[in-house]
Amino acid sequence: MSLNLSTRLPLRALLAQATRAGTRRWRPPIALKSTAPARQFWNKPQSPAPQPVPQQAPQEHLVHDASNAGQLDGMPAKHVAVNIDGDPRVFDTVFLRDSCTCPQCVDPDSKQKRFQTADIPENLEGSCRTVVDKEKGWVVEVVWQNDVPGYGPEHRTRHSIDWLRRALNTELELRGGVRSDERVLWDKDTIVKHNKWVDYKAYMTEDEALFDAISHLNKFGLLFLKNVPKSEESVVDIAGRIGNLKDTFYGRTWDVRSKPKAENIAYTQHYLGLHMDLLYTSNPPHLQLLHSIRAQAPGGESFFSDSFHAAHQLHASSAFHFRTLCTFPVTYEYHHPTQHYHYTRPTIELFPYPKYSEPTNLAIRHVNWSPPFQGPFEARIGGENQTALRNYISASHAFDKLLGSEENLYEYRMNEGECVIFDNRRVLHARRAFDATKGERWLKGAYVDDDVFFSKLRVLEEKFNGSWISDGVVRHAIK
Ligand SMILES: [Zn+2]
């Protein structure tokens with residue numbers, strides 16, 4: 001049961017308050033270039049003129065119906081304004097209705113919605129008041145004038161003020177193109193300083209150690225585990241701690257060891273240059289795991305390079321090269337008798353950002369760089385007036401030089417009982433040639449998809465931090 005402390009103030013009082021608020025400097029949680037629609041709405045000339053605010057009720061979360069000038073308070077309307085942190089914020093009642101979490105609307109067990117957005121009447125109206133909810137604290141309670149068919153007059157929608165504030169801030173941040181980005185770009189010196197070796201047992205048994213490990217992995221794109229049991233199943237256990245393994249035509253797990261007439265260069269003893277795996281698929285693996293089971297053969301050192309760091313360096317040295325790599329299409333393929341994969345993508349992919357603002361932090365989503373798996377170019381390949389391919393050649397020279405530069409390369413020879421996990425869409429890996437005649441070299445590998453990794457990261461972020469990041473926006477756990 002809730003305690004109803006609602007005091008419906010007359011509309012003129014609300015308008016007065018809105019006008020009063022309008023004279024204050026509005027400080028958005030983030031910098032926005034455009035004026036929020038809520039303000040435009042409130043700045044519409046609406047009579048009556050501002051009047052002194054009457055004695056404030058004990059509660060601050062003033063609510064009223066604001067869709068039509070002259071409408072009486074408490075009457076159903078299409079929009080309502082909620083006082084959030086001193087400013088009236090306008091919400092469409094469709095949003096409030098659609099996000100109702102009452103047991104009639106969302107199944108308490110499955111958390112699935114019991115109605116569809118398309119069931120909401122187009123002319124939906126509701127009237128609001130603020131009440132105190134035992135669980136949620138101050139809430140806006142909406143009574144529906146013309147509810148979704150099948151819902152009776154007793155149906156109420158309740159949203160906490162905190163939840164509405166979060167929804168509003170999320171929208172502003174998404175619109176403002178803000179990205180909360182924890183990634184730390186690195187060169188050799190930085191990664192040598194920050195590298196993390198996590199004990200296998202702690203990783204497998206303690207949630208806090210796992211959170212620490214995968215947060216680090218998210219920041220740097222590189223993580224090492226030590227004291228890993230010498231078993232072919234260990235890599236399954238390590239990946240499985242994050243979530244489901246990604247199955248590919250290489251198998252759920254796969255072996256990197258030298259073998260004759262290998263179908264993939266990785267299965268030879270030759271030098272293997274900096275690359276990413278499976279760029280010829282539509283969603284290449286996010287994580288790659290390599291567990292060193294045998295490291296007897298001389299050589300075979302691993303190299304890692306942060307392609308995001310190199311991309312930033314490229315941008316600083318030549319914005320033209322950077323733009324070329326953002327647009328020029330490169331085709332990757334795996335064309336064999338029983339498998340034929342084919343995908344074309346630019347070398348650098350950015351997060352989308354608002355049309356009229358610049359990508360201030362070079363919000364790089366992916367880098368795609370895998371020379372051994374490249375197929376023939378299929379677009380912008382030439383012609384007398386075509387300069388795109390020449391531009392690409394020039395840009396790829398510059399990028400390749402940065403990726404493989406002494407300052408950027410981190411070299412490490414994997415010991416037996418160690419497992420490396422790296423972000424396959426960011427950190428390039430390479431391997432020196434090794435002498436297979438002098439000993440065995442055997443790595444067991446596995447992949448994990450991006451959705452699986454970020455799901456686990458958010459679960460642990462919510463558990464340990466009380467907030468998580470989705471679409472680059474921090475969301476706080478709120479009832
Ligand atoms: Zn409901």
# chains A, B, ... in the order shown; residues from 1 in each chain; ligands from 1
>>> residues_near_ligand(ligand="ligand 1", cutoff="6 Å", atoms="only C-alpha atoms and all ligand atoms", output="number ranges by chain")
A: 100-102, 104-105, 157
>>> residues_around(residues="Pro153 (chain A)", least_positions_apart="2", cutoff="8 Å", atoms="only C-alpha atoms", output="CSV table (one decimal) with N, CA and C atoms, in the first residue's frame")
chain,number,residue,atom,x,y,z
A,143,VAL,N,-3.0,7.4,-13.9
A,143,VAL,CA,-4.3,6.8,-14.2
A,143,VAL,C,-4.6,7.0,-15.7
A,144,TRP,N,-5.0,5.9,-16.3
A,144,TRP,CA,-5.2,6.0,-17.8
A,144,TRP,C,-6.6,6.3,-18.2
A,151,TYR,N,-7.1,-3.8,-20.2
A,151,TYR,CA,-6.7,-3.3,-18.9
A,151,TYR,C,-7.9,-2.6,-18.3
A,155,HIS,N,-6.1,-0.3,-13.2
A,155,HIS,CA,-4.6,-0.3,-13.6
A,155,HIS,C,-4.0,1.0,-13.4
>>> atom_distance(atom1="CA of Tyr341 (chain A)", atom2="CA of Leu278 (chain A)")
9.1 Å
>>> closest_residue(among="A:Ser405, A:Gly300, A:Ser234, A:Glu206", to="Ser258 (chain A)", atoms="only C-alpha atoms")
A:Gly300
>>> residues_around(residues="Glu208 (chain A)", least_positions_apart="5", cutoff="10 Å", atoms="only C-alpha atoms", output="list in words")
Ala202, Tyr203, Ala213, Leu460, Lys463 and Phe464 of chain A
>>> closest_residue(among="A:Trp138, A:Tyr200, A:Tyr250, A:Phe91", to="Ile238 (chain A)", atoms="only C-alpha atoms")
A:Tyr200
>>> closest_residue(among="A:Asn83, A:Thr347, A:Ser396, A:Thr117", to="Ser99 (chain A)", atoms="only C-alpha atoms")
A:Thr117
>>> select_by_dssp(residues="region 104-345 of chain A", states="alpha helix (DSSP H)", output="PyMOL selection string")
chain A and resi 161-176+188-194+200-205+207-220+234-242+307-317+319-327
>>> closest_residue(among="A:Leu225, A:Leu325, A:Ile84, A:Ile242", to="Val140 (chain A)", atoms="only C-alpha atoms")
A:Ile84
>>> select_by_dssp(residues="region 51-187 of chain A", states="strand (DSSP E or B)", output="count of residues only")
39
>>> residues_around(residues="His270 (chain A)", least_positions_apart="6", cutoff="10 Å", atoms="only C-alpha atoms", output="number ranges by chain")
A: 258, 300, 431-436
>>> closest_residue(among="A:Glu349, A:Asp92, A:Asp87, A:Asp199", to="Arg426 (chain A)", atoms="only C-alpha atoms")
A:Glu349
>>> closest_residue(among="A:Lys136, A:Asp98, A:Phe453, A:Thr387", to="Trp163 (chain A)", atoms="only C-alpha atoms")
A:Lys136
